[in-house]
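A.B. asks: This is the structure I have questions about; it appears just below.
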Amino acid sequence: MAGVLTNLYCSTKDAKDLITAYQSEGQKGFQLAIERKSKQFENVQIRIAVMGECGSGKSTLINALLGLDKNEQGVAPTGRTETTMEITPYTHPIFPNVLYYDFHGLNTPTFPVKKFMTETNFSQFDLSIIVTTVRFTENDNLLAVALKKAGKPFYLVRSKIDETIRAESRKKDYNQEHMFRTLREYYTSSLQVAGIEKPAVFLYSAFDLDQFDFAELKETVVSNLSETQKNLFITALPNTSEAALERKREALWRFIQMLSAVSGSIGVVPIPGLSLACDLGLIISGILFIRKNLGLDEASLSKLAQRVGTSVVDLQRGSEHGWVFGEITRHQVVLLMQRSKVVMALTIAEPFLHFVPILGSVFGATSSFGVTLMILKNSLDTMVETAKIVLQNAKAAASSEGIGN
């Protein structure tokens, strides 16, 4: 089941294909279709190239997108001097099919830039990001031209905007809004001179991801991915804001629909005392997967606590749902069922048809599908709200410690 859990990011078409398989071939055909889809999803990748000059902040941006601190395993090395001597892939710690490629800095004396431009296959990446700082250089221009020729989307990220703010704010006539507008116009016009018709420019600081254009950058990346890739990318992003958590809720809801369809295709027996049929092991796996994606598992909370200078207990403070942080057992799942009036009502499955218009017509009479869906949906909603509390506590701890200032 683990392979299914980590790869089922389905589109509407995928769901309809499964329904067709069920209608034409029955439960056996549906199960075979599930297995085929799972194998297809294993091959879904997101390959993002991150390029720019030495010291521009390429590796720092990769770490921000991966949600990794500079001291964590798997982090891209950062520094003012060149730390990347070749194109280096960095894999997401949870989703190995999400890869960021850190390119060699293009302004080092010994690096053959023009040869690199002609020999590199830029079209192999789904999209690219040019990271620049202070000014738009000749190398940035060469990259833009090469990426345009490759025919893949790319964006320009102006990094270290916090340093620019500190420097410019000392000036007597400083106006931040005017400065931002001037910067965007400068980089936009520079890209237009390079032949880019609709440049995408973002201002960003690794020390304050909630500010400036980091959220807009993520949304723009999503807009240029396939539907399956979108769900994978959104779920793989770090929890930097409540808006990011809401996007994860949407992506994980698709996952829940598919997982519930799997549950509906598995022969199970009623749970004693509840008159309900479902796969408790599958529900447990689903809850654990959602919890890890939302950063509420023990390892993720410990890393976050260390990063912001507080304790795991303080991060959890204010949450009304302690079970989210505890061991998820079969007994715990049964307790969640007993607390849910909707789930108890599913001893008669038909009223649940209206909840899932795409899949409900096929599995409405199968209580396993309905119970799995509702338990995971309730758990997702609870864990998203809990993640928001953890995020607020983390921001308060970081602020009190002066982290990021």
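A note on labels: chains of the structure tokens are A, B, ... as shown, every chain counts residues from 1, and ligands are counted from 1 in their shown order.
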What's around Phe180 (chain A) at 12 Å? Count only C-alpha atoms, leave out sequence neighbours fewer than 6 positions away in its own chain, and write the answer as a ChimeraX atom specification.
C.D. replies: /A:158,161-162,164-165,168,174,186-187,201-204,212-213
A.B. asks: Please save all heavy atoms of the selected residues as a short mmCIF file (atom, residue, chain, number, x, y, z; two decimals), in the first residue's frame.
C.D. replies:
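The result, stored in selection_4.cif:
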data_model
loop_
_atom_site.label_atom_id
_atom_site.label_comp_id
_atom_site.auth_asym_id
_atom_site.auth_seq_id
_atom_site.Cartn_x
_atom_site.Cartn_y
_atom_site.Cartn_z
N ARG A 158 14.58 37.64 -8.00
CA ARG A 158 15.55 38.59 -7.43
C ARG A 158 15.67 38.28 -5.94
O ARG A 158 14.76 38.53 -5.15
CB ARG A 158 15.05 40.02 -7.66
CG ARG A 158 15.78 41.09 -6.86
CD ARG A 158 17.30 41.13 -7.12
NE ARG A 158 17.86 42.41 -6.77
CZ ARG A 158 18.23 42.78 -5.54
NH1 ARG A 158 18.09 41.94 -4.53
NH2 ARG A 158 18.73 43.98 -5.33
N ILE A 161 16.28 40.27 -1.12
CA ILE A 161 15.60 41.57 -1.13
C ILE A 161 15.64 42.23 0.25
O ILE A 161 15.56 43.45 0.37
CB ILE A 161 14.14 41.40 -1.64
CG1 ILE A 161 13.56 42.74 -2.07
CG2 ILE A 161 13.28 40.72 -0.59
CD1 ILE A 161 14.23 43.33 -3.28
N ASP A 162 15.79 41.41 1.30
CA ASP A 162 15.90 41.96 2.65
C ASP A 162 17.16 42.81 2.79
O ASP A 162 17.16 43.86 3.45
CB ASP A 162 15.90 40.84 3.69
CG ASP A 162 16.96 39.80 3.40
OD1 ASP A 162 16.95 39.25 2.27
OD2 ASP A 162 17.80 39.53 4.29
N THR A 164 18.63 44.43 0.34
CA THR A 164 18.39 45.66 -0.43
C THR A 164 17.56 46.64 0.38
O THR A 164 17.82 47.85 0.37
CB THR A 164 17.66 45.32 -1.75
OG1 THR A 164 18.43 44.36 -2.48
CG2 THR A 164 17.46 46.57 -2.59
N ILE A 165 16.56 46.14 1.09
CA ILE A 165 15.71 47.00 1.91
C ILE A 165 16.54 47.69 3.00
O ILE A 165 16.41 48.90 3.23
CB ILE A 165 14.56 46.19 2.55
CG1 ILE A 165 13.57 45.75 1.46
CG2 ILE A 165 13.85 47.00 3.62
CD1 ILE A 165 12.50 44.81 1.97
N GLU A 168 18.76 50.38 1.25
CA GLU A 168 18.01 51.50 0.68
C GLU A 168 17.28 52.32 1.75
O GLU A 168 17.06 53.52 1.59
CB GLU A 168 16.99 50.99 -0.34
CG GLU A 168 17.62 50.39 -1.59
CD GLU A 168 18.34 51.45 -2.43
OE1 GLU A 168 17.80 52.56 -2.57
OE2 GLU A 168 19.45 51.14 -2.93
N TYR A 174 13.71 57.34 0.96
CA TYR A 174 13.35 55.92 0.77
C TYR A 174 11.85 55.71 0.76
O TYR A 174 11.11 56.21 1.62
CB TYR A 174 13.96 55.07 1.89
CG TYR A 174 13.49 53.63 1.90
CD1 TYR A 174 13.92 52.74 0.93
CD2 TYR A 174 12.62 53.18 2.90
CE1 TYR A 174 13.50 51.42 0.94
CE2 TYR A 174 12.20 51.86 2.91
CZ TYR A 174 12.64 50.98 1.93
OH TYR A 174 12.21 49.68 1.94
N TYR A 186 12.89 47.20 -13.86
CA TYR A 186 14.25 47.02 -14.36
C TYR A 186 14.45 45.59 -14.89
O TYR A 186 14.94 45.39 -16.02
CB TYR A 186 15.25 47.32 -13.25
CG TYR A 186 16.65 46.81 -13.53
CD1 TYR A 186 17.43 47.37 -14.54
CD2 TYR A 186 17.18 45.76 -12.78
CE1 TYR A 186 18.72 46.90 -14.80
CE2 TYR A 186 18.45 45.28 -13.04
CZ TYR A 186 19.21 45.84 -14.05
OH TYR A 186 20.48 45.38 -14.31
N TYR A 187 14.08 44.59 -14.08
CA TYR A 187 14.29 43.21 -14.50
C TYR A 187 13.34 42.83 -15.64
O TYR A 187 13.73 42.08 -16.55
CB TYR A 187 14.11 42.26 -13.31
CG TYR A 187 15.22 42.38 -12.31
CD1 TYR A 187 15.00 42.93 -11.05
CD2 TYR A 187 16.52 41.98 -12.63
CE1 TYR A 187 16.02 43.05 -10.13
CE2 TYR A 187 17.55 42.10 -11.71
CZ TYR A 187 17.31 42.64 -10.47
OH TYR A 187 18.33 42.78 -9.56
N VAL A 201 8.79 38.00 -13.00
CA VAL A 201 9.82 38.48 -12.08
C VAL A 201 9.27 38.44 -10.65
O VAL A 201 8.16 38.90 -10.40
CB VAL A 201 10.26 39.91 -12.43
CG1 VAL A 201 11.28 40.41 -11.42
CG2 VAL A 201 10.84 39.95 -13.84
N PHE A 202 10.09 37.90 -9.72
CA PHE A 202 9.65 37.77 -8.33
C PHE A 202 10.74 38.28 -7.39
O PHE A 202 11.92 37.96 -7.57
CB PHE A 202 9.33 36.31 -8.01
CG PHE A 202 8.28 35.72 -8.91
CD1 PHE A 202 8.66 35.04 -10.07
CD2 PHE A 202 6.94 35.85 -8.63
CE1 PHE A 202 7.71 34.51 -10.91
CE2 PHE A 202 5.97 35.32 -9.46
CZ PHE A 202 6.36 34.64 -10.61
N LEU A 203 10.34 39.04 -6.39
CA LEU A 203 11.25 39.51 -5.35
C LEU A 203 11.12 38.57 -4.15
O LEU A 203 10.01 38.21 -3.75
CB LEU A 203 10.90 40.94 -4.94
CG LEU A 203 10.76 41.96 -6.08
CD1 LEU A 203 10.42 43.34 -5.51
CD2 LEU A 203 12.01 42.02 -6.93
N TYR A 204 12.27 38.22 -3.55
CA TYR A 204 12.22 37.14 -2.54
C TYR A 204 13.33 37.30 -1.52
O TYR A 204 14.43 37.80 -1.82
CB TYR A 204 12.33 35.80 -3.29
CG TYR A 204 13.15 34.73 -2.64
CD1 TYR A 204 12.58 33.83 -1.74
CD2 TYR A 204 14.51 34.58 -2.95
CE1 TYR A 204 13.34 32.82 -1.16
CE2 TYR A 204 15.27 33.58 -2.39
CZ TYR A 204 14.67 32.69 -1.49
OH TYR A 204 15.43 31.70 -0.92
N PHE A 212 6.96 39.54 0.47
CA PHE A 212 7.39 39.71 -0.92
C PHE A 212 6.67 38.73 -1.84
O PHE A 212 5.49 38.52 -1.69
CB PHE A 212 8.92 39.63 -1.00
CG PHE A 212 9.61 40.37 0.13
CD1 PHE A 212 10.44 39.71 1.02
CD2 PHE A 212 9.37 41.72 0.34
CE1 PHE A 212 11.04 40.38 2.08
CE2 PHE A 212 9.96 42.40 1.39
CZ PHE A 212 10.80 41.74 2.26
N ASP A 213 7.39 38.09 -2.78
CA ASP A 213 6.70 37.37 -3.86
C ASP A 213 6.87 35.85 -3.81
O ASP A 213 6.60 35.18 -4.81
CB ASP A 213 7.23 37.86 -5.22
CG ASP A 213 6.98 39.34 -5.44
OD1 ASP A 213 6.05 39.88 -4.83
OD2 ASP A 213 7.73 39.94 -6.25
#
A.B. asks: May I have the residues within 9 Å of Gly52 (chain A) as a ChimeraX atom specification, using only C-alpha atoms and disregarding those fewer than 3 positions away in the same chain?
C.D. replies: /A:55-58,103-107,129-132,139-140,143
A.B. asks: For the atom pair CA of Pro89 (chain A) and CA of Ile62 (chain A), what is the interatomic distance in Å to one decimal place?
C.D. replies: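 Straight-line distance from CA of Pro89 (chain A) to CA of Ile62 (chain A) works out to 10.1 Å.
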A.B. asks: Find, counting only C-alpha atoms, the residue in A:Thr182, A:Ser260, A:Thr133, A:Gln45 that gets nearest to Ser226 (chain A).
C.D. replies: A:Gln45
A.B. asks: Among the residues of region 187-354 of chain A, find those DSSP assigns to helix (DSSP H, G or I) from the backbone and print them as a ChimeraX atom specification.
C.D. replies: /A:187-193,214-223,227-236,242-264,280-293,298-308,312-316,322-325,330-339,341-345,350-354
A.B. asks: Have a look at A:Glu227, A:Glu216, A:Glu163, A:Glu250 and name the one nearest to Val44 (chain A); count only C-alpha atoms.
C.D. replies: A:Glu227
A.B. asks: From the list A:Arg317, A:His331, A:Arg249, A:Lys292, which residue is nearest Leu380 (chain A) when using only C-alpha atoms?
C.D. replies: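 Looking only at the distances to Leu380 (chain A), the closest residue turns out to be A:Arg249.
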A.B. asks: List the spatial neighbours of region 234-247 of chain A as a compact mmCIF listing (two decimals) with all heavy atoms, in the first residue's frame - criterion: any atom at most 7 Å away, only C-alpha atoms, same-chain residues fewer than 4 positions off excluded.
C.D. replies:
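So the final result, stored in around.txt, reads:
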# COMPACT_ATOMS: atom_id res chain seq x y z
N LEU A 65 12.47 25.97 -0.96
CA LEU A 65 11.43 25.20 -1.65
C LEU A 65 11.31 23.80 -1.09
O LEU A 65 10.23 23.21 -1.09
CB LEU A 65 11.72 25.15 -3.15
CG LEU A 65 11.54 26.49 -3.89
CD1 LEU A 65 12.19 26.42 -5.27
CD2 LEU A 65 10.06 26.84 -4.01
N LEU A 66 12.43 23.25 -0.61
CA LEU A 66 12.41 21.92 0.00
C LEU A 66 11.94 21.97 1.45
O LEU A 66 11.62 20.93 2.02
CB LEU A 66 13.81 21.30 -0.05
CG LEU A 66 14.32 20.85 -1.42
CD1 LEU A 66 15.79 20.42 -1.32
CD2 LEU A 66 13.48 19.71 -1.97
N GLY A 67 11.93 23.16 2.04
CA GLY A 67 11.56 23.28 3.45
C GLY A 67 12.63 22.76 4.38
O GLY A 67 12.34 22.27 5.47
N PHE A 95 8.98 13.36 -1.02
CA PHE A 95 8.56 13.00 -2.38
C PHE A 95 9.79 12.91 -3.29
O PHE A 95 10.26 13.93 -3.82
CB PHE A 95 7.59 14.05 -2.92
CG PHE A 95 6.37 14.22 -2.07
CD1 PHE A 95 6.29 15.23 -1.13
CD2 PHE A 95 5.30 13.34 -2.19
CE1 PHE A 95 5.17 15.39 -0.34
CE2 PHE A 95 4.18 13.48 -1.40
CZ PHE A 95 4.11 14.50 -0.47
N LEU A 209 9.87 34.19 4.20
CA LEU A 209 9.17 33.61 3.05
C LEU A 209 7.72 34.08 2.95
O LEU A 209 7.11 33.97 1.89
CB LEU A 209 9.21 32.08 3.13
CG LEU A 209 10.61 31.45 3.07
CD1 LEU A 209 10.52 29.94 3.17
CD2 LEU A 209 11.35 31.86 1.80
N ASP A 210 7.16 34.59 4.03
CA ASP A 210 5.77 35.08 3.99
C ASP A 210 5.68 36.42 3.27
O ASP A 210 4.61 36.81 2.81
CB ASP A 210 5.22 35.24 5.40
CG ASP A 210 4.94 33.89 6.04
OD1 ASP A 210 4.90 32.90 5.29
OD2 ASP A 210 4.78 33.83 7.27
N LYS A 230 0.74 19.25 -10.41
CA LYS A 230 0.31 20.32 -9.51
C LYS A 230 0.09 19.79 -8.10
O LYS A 230 0.55 20.37 -7.11
CB LYS A 230 -0.99 20.94 -10.02
CG LYS A 230 -0.83 21.83 -11.23
CD LYS A 230 -2.18 22.36 -11.69
CE LYS A 230 -2.04 23.19 -12.96
NZ LYS A 230 -3.34 23.70 -13.44
N ALA A 251 -5.03 19.61 -2.34
CA ALA A 251 -4.28 18.52 -2.99
C ALA A 251 -4.51 17.20 -2.27
O ALA A 251 -4.69 16.15 -2.90
CB ALA A 251 -2.79 18.86 -3.01
N ASN A 293 2.71 14.93 5.65
CA ASN A 293 2.67 15.99 4.65
C ASN A 293 2.41 17.35 5.26
O ASN A 293 2.85 18.37 4.72
CB ASN A 293 1.60 15.68 3.61
CG ASN A 293 2.11 14.78 2.51
OD1 ASN A 293 2.59 15.25 1.49
ND2 ASN A 293 2.04 13.48 2.73
N VAL A 384 -5.28 20.06 9.29
CA VAL A 384 -4.96 21.35 8.68
C VAL A 384 -5.11 22.46 9.71
O VAL A 384 -4.25 23.36 9.82
CB VAL A 384 -5.85 21.61 7.45
CG1 VAL A 384 -5.74 23.08 7.01
CG2 VAL A 384 -5.47 20.70 6.29
N LYS A 388 -2.17 24.91 11.32
CA LYS A 388 -2.22 26.37 11.38
C LYS A 388 -1.83 26.87 12.77
O LYS A 388 -1.13 27.88 12.91
CB LYS A 388 -3.62 26.86 11.01
CG LYS A 388 -3.97 26.69 9.54
CD LYS A 388 -5.38 27.20 9.25
CE LYS A 388 -5.74 27.01 7.78
NZ LYS A 388 -7.12 27.48 7.49
A.B. asks: Which residue is closest to Pro109 (chain A)? Choose from A:Cys54, A:Thr372, A:Lys395, A:Lys198 and count only C-alpha atoms.
C.D. replies: A:Cys54
A.B. asks: So that I can check the surroundings of Gly281 (chain A), please list as a PyMOL selection string every protein, DNA and RNA residue that reaches within 9 Å of it, counting only C-alpha atoms and ignoring chain neighbours fewer than 4 positions away.
C.D. replies: chain A and resi 285-286+329-330
A.B. asks: Can you write out the residues you just picked, keeping N, CA, C and O atoms, as a compact mmCIF listing (two decimals), in the first residue's frame?
C.D. replies:
# COMPACT_ATOMS: atom_id res chain seq x y z
N SER A 285 -2.85 4.23 7.45
CA SER A 285 -1.80 4.66 6.53
C SER A 285 -2.12 6.04 5.95
O SER A 285 -1.23 6.89 5.81
N GLY A 286 -3.40 6.26 5.62
CA GLY A 286 -3.81 7.56 5.07
C GLY A 286 -3.60 8.69 6.07
O GLY A 286 -3.10 9.77 5.72
N THR A 329 -3.51 4.25 16.04
CA THR A 329 -3.76 2.81 16.12
C THR A 329 -5.15 2.50 15.59
O THR A 329 -5.96 3.39 15.33
N ARG A 330 -5.44 1.20 15.46
CA ARG A 330 -6.78 0.76 15.05
C ARG A 330 -7.82 1.23 16.06
O ARG A 330 -8.91 1.67 15.68
A.B. asks: Among region 33-257 of chain A, which residues carry a DSSP assignment of strand (DSSP E), reported as an MDAnalysis selection string?
C.D. replies: chainID A and resid 46:52 88:91 98:102 127:132 154:158 201:203
A.B. asks: Find the residues around Val145 (chain A) up to 7 Å (only C-alpha atoms counted), leave out those fewer than 4 positions away in its own chain, and share them as a VMD selection string.
C.D. replies: chain A and resid 141 149 194
A.B. asks: Restricting the calculation to only C-alpha atoms, which member of A:Glu53, A:Tyr155, A:Ala64, A:Ala387 is positioned closest to Phe111 (chain A)?
C.D. replies: A:Glu53
A.B. asks: May I ask which of the residues A:Met383, A:Ile284, A:Met374, A:Ile48 is the closest one to Val221 (chain A), counting only C-alpha atoms?
C.D. replies: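 For Val221 (chain A), the nearest of the candidates is A:Ile48.
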